[in-house]
Amino acid sequence: MASAADGVVPTLALRSSVAVELWSSAGPKLPFEHKSNLPREETKSSRSICFSPDGRYFAYSNGLDVKVLEACKDGAGTWPVQCSLPRPKAFYLKFSPRGNYLCTWEHYAITKDRPEGSPNLLVYDVNTGTEVFAIVQKNQADWEPSWSSDESIFALVVGGEALFYDLPEGAAKGFETTSRKIGGSRGALLSLGPGQCPPFLAFYNPGAKGAPSMCKLYKYPALAQNQTVACKSFFQADRVEMLWNKRGTGLLLLTSTEVDKSGASYYGNQTVHFMATKGDTCSVPLSKEGPVHCVKWSPKATEFVVVYGFMPSKAALYNLKCDVIFDFGEGPRNCAYFNPFGNIIVLAGFGNLPGAVEVWDVPKREKLANLKLADTTVFEWHPNGEWFVTATTAPRLRISNGFKVYHYSGALLHETMWPKGQELLGIEWQQYADRTFTEPKITKAKHEGIKSSQPEASKKAYTPPHLRLLKEGKNPEKYLPSIPGLAPASAGNGMRKFWHRQYDVENPIMRRTEQGQSQMAIGRDGRDASTANAAATVSNRSNRRYRPYQYKRY
């Protein structure tokens, strides 16, 4: 166990319908549990939990305020309250890259006292608990502001315009006025790259009136229109997701449309584009038609994986030239997860798929394990790169809630099922500073684990009841269920197996004439059949409706 060897106690934050609490484990064979020194607050109104990127702070909402706790220095220490923020309606929480600021977002609302509305995006200084920035941000999907890695630049998009704030180290006055702006249209997106400072940034501007959408790369603070580093234009993009690699030197754009005008896909169209800070741009080639399910960068920042195509989907590993360097083949999967070191990848099929999971050794291009993790709604790697947690949470699934911790070899290390009547809403690993753990050595050896308490699904093929009775040498007709209102089945030629009408040749149930005779009977009165049918048609024009229950039933 890498964590125990390094003296680091793994900690899980849990948010349920009754409380917010932290659990920890003291060893690989010891269970995760809540200990007396760990915080726990009973609340039914918690909407969000969040660890800072370096794991120093833990924040959560409880319906009354937002509390920020300072992590203990050792395994036996307590978690004191760093500050308490007066945000009872906080819906999302997000720390800055170094954990010095906490951003909160809540739904925009208009009251009688403030008909113009009050700011719903706020930034607090964690050290003092004071509010340093507030603004109205109605966009819930892209509410998160952007930060540079050293927290010297704060940026966000308001009304289609990108606003930049320069924050000298330790100075909160930089939030008072904007230092630079980039004009754009409604629906624009901004993303600051990680890694180097000053950073590269990407600004996306949606197209209008037949013009293409545009994504431009800049090197801060050179933000003039003639100072772009790279530019990529494309059509058919209702939404764009921007994904930077860890070094901030490469950007992937996942563009999608809500409706496929050709009708070939229910999920619309998706394409993947690549942009480099050196000025290179290209489209990522995909060899199979269908939606793009997932795009993920490797933490090594030199390769990325794309899961795409109609089921069974394909998964491929690409380099920075957008060439396929390894094909994982086809399978029922729609997700990909790299461990923090990039030497293991998990390909899984969650959501509407049965939960098949493949664990791959990326450097050796070898499959390490196959698992079946049905009903998984949350998947997250531990910072040590060897464990991962899977959970079934509400509101996606309200039954069989709980979480499990696995070793990458497929061994189950821990399992907790939530009590009936309660719901598990969220789960998250505590994060740690870089270089806290060393890259694990990957082996094919099976790690020792425990047996799951949940019953396994039967692997036998379904056999209909009558075939099972025949295999047992029994007569299926003797086990037919009785139907209410009918006589029980009896042996013989006249045995009725199901309710039915007996067809009467002399008096068929058909559309009849006004005289009460069937059309077939008219044809038997000696006249020509065509003449009889014509006469029946004329006489039936006023009574064309078929009324089977108006006449005799058998």
# chains A, B, ... in the order shown; residues from 1 in each chain; ligands from 1
$ residues_around --residues "Lys372 in chain A" --least-positions-apart "5" --cutoff "7 Å" --atoms "only C-alpha atoms" --output "tab-separated table (two decimals) with N, CA, C and O atoms, in the first residue's frame"
chain	number	residue	atom	x	y	z
A	355	GLY	N	-21.65	-1.86	-17.66
A	355	GLY	CA	-20.60	-1.65	-16.68
A	355	GLY	C	-19.35	-2.48	-16.88
A	355	GLY	O	-18.63	-2.76	-15.91
A	356	ALA	N	-19.05	-2.88	-18.10
A	356	ALA	CA	-17.81	-3.61	-18.37
A	356	ALA	C	-16.62	-2.67	-18.26
A	356	ALA	O	-16.64	-1.55	-18.79
A	357	VAL	N	-15.56	-3.09	-17.55
A	357	VAL	CA	-14.39	-2.26	-17.28
A	357	VAL	C	-13.14	-3.00	-17.73
A	357	VAL	O	-12.96	-4.18	-17.41
$ residues_around --residues "Leu413 in chain A" --least-positions-apart "3" --cutoff "12 Å" --atoms "only C-alpha atoms" --output "PyMOL selection string"
chain A and resi 1+25+27-32+386-390+403-410+416+447-452
$ write_last_selection --atoms "C-alpha atoms" --output "PDB file, in the first residue's frame"
ATOM      1  CA  MET A   1       0.000   0.000   0.000  1.00  0.00           C
ATOM      2  CA  SER A  25      -8.473   3.689   6.343  1.00  0.00           C
ATOM      3  CA  GLY A  27      -4.182  -0.061   5.791  1.00  0.00           C
ATOM      4  CA  PRO A  28      -4.931  -2.095   2.667  1.00  0.00           C
ATOM      5  CA  LYS A  29      -6.777  -4.795   4.605  1.00  0.00           C
ATOM      6  CA  LEU A  30      -8.555  -2.405   6.969  1.00  0.00           C
ATOM      7  CA  PRO A  31     -11.941  -0.941   6.063  1.00  0.00           C
ATOM      8  CA  PHE A  32     -12.798   2.682   5.438  1.00  0.00           C
ATOM      9  CA  GLU A 386      -3.100   2.294  -7.699  1.00  0.00           C
ATOM     10  CA  TRP A 387      -6.645   2.474  -6.331  1.00  0.00           C
ATOM     11  CA  PHE A 388      -9.912   3.762  -7.681  1.00  0.00           C
ATOM     12  CA  VAL A 389     -13.322   4.228  -6.123  1.00  0.00           C
ATOM     13  CA  THR A 390     -16.641   3.438  -7.776  1.00  0.00           C
ATOM     14  CA  PHE A 403     -19.156   2.696  -2.819  1.00  0.00           C
ATOM     15  CA  LYS A 404     -16.304   0.261  -3.453  1.00  0.00           C
ATOM     16  CA  VAL A 405     -12.533   0.682  -3.565  1.00  0.00           C
ATOM     17  CA  TYR A 406     -10.560  -1.450  -6.034  1.00  0.00           C
ATOM     18  CA  HIS A 407      -6.916  -2.151  -6.791  1.00  0.00           C
ATOM     19  CA  TYR A 408      -5.961  -1.776 -10.443  1.00  0.00           C
ATOM     20  CA  SER A 409      -5.491  -5.566 -10.647  1.00  0.00           C
ATOM     21  CA  GLY A 410      -9.229  -5.963 -10.059  1.00  0.00           C
ATOM     22  CA  THR A 416     -19.858  -0.158   1.917  1.00  0.00           C
ATOM     23  CA  HIS A 447      -3.597  -8.244  -5.387  1.00  0.00           C
ATOM     24  CA  GLU A 448      -5.251  -9.859  -2.378  1.00  0.00           C
ATOM     25  CA  GLY A 449      -8.763  -8.553  -1.794  1.00  0.00           C
ATOM     26  CA  ILE A 450     -12.107  -9.321  -0.198  1.00  0.00           C
ATOM     27  CA  LYS A 451     -15.268 -10.930  -1.514  1.00  0.00           C
ATOM     28  CA  SER A 452     -18.216  -8.728  -2.329  1.00  0.00           C
TER      29      SER A 452
END
$ closest_residue --among "A:Ser149, A:Lys112, A:Ser16, A:Gly174" --to "Ala394 in chain A" --atoms "only C-alpha atoms"
A:Ser16
$ atom_distance --atom1 "CA of Ser45 in chain A" --atom2 "CA of His107 in chain A"
15.1 Å
$ residues_around --residues "Pro419 in chain A" --least-positions-apart "5" --cutoff "9 Å" --atoms "only C-alpha atoms" --output "compact mmCIF listing (two decimals) with C-alpha atoms, in the first residue's frame"
# COMPACT_ATOMS: atom_id res chain seq x y z
CA SER A 400 -28.34 0.03 -3.97
CA ASN A 401 -26.35 3.16 -3.11
CA GLY A 402 -22.83 2.62 -1.82
$ closest_atom_pairs --of "range 249-328 of chain A" --to "range 218-223 of chain A" --cutoff "12 Å" --atoms "only C-alpha atoms" --output "CSV"
residue,atom,partner,partner_atom,distance
A:Thr249,CA,A:Lys219,CA,11.1
A:Met275,CA,A:Tyr218,CA,11.7
A:Ala276,CA,A:Tyr218,CA,11.1
A:Thr277,CA,A:Tyr218,CA,8.5
A:Lys278,CA,A:Lys219,CA,10.9
A:Gly279,CA,A:Tyr218,CA,10.3
$ closest_residue --among "A:Thr302, A:Thr104, A:Ser46, A:Asn343" --to "Phe133 in chain A" --atoms "only C-alpha atoms"
A:Thr104
$ residues_around --residues "range 66-71 of chain A" --least-positions-apart "5" --cutoff "6 Å" --atoms "only C-alpha atoms" --output "PyMOL selection string"
chain A and resi 56-61+79-85+87
$ closest_residue --among "A:Trp23, A:Tyr462, A:Phe274, A:Trp105" --to "Asn245 in chain A" --atoms "only C-alpha atoms"
A:Phe274
$ closest_residue --among "A:Arg396, A:Arg365, A:Lys232, A:Arg98" --to "Tyr432 in chain A" --atoms "only C-alpha atoms"
A:Arg98
$ select_by_dssp --residues "range 369-446 of chain A" --states "strand (DSSP E or B)" --output "VMD selection string"
chain A and resid 369 to 372 378 to 381 387 to 392 402 to 407 412 to 417 424 to 429
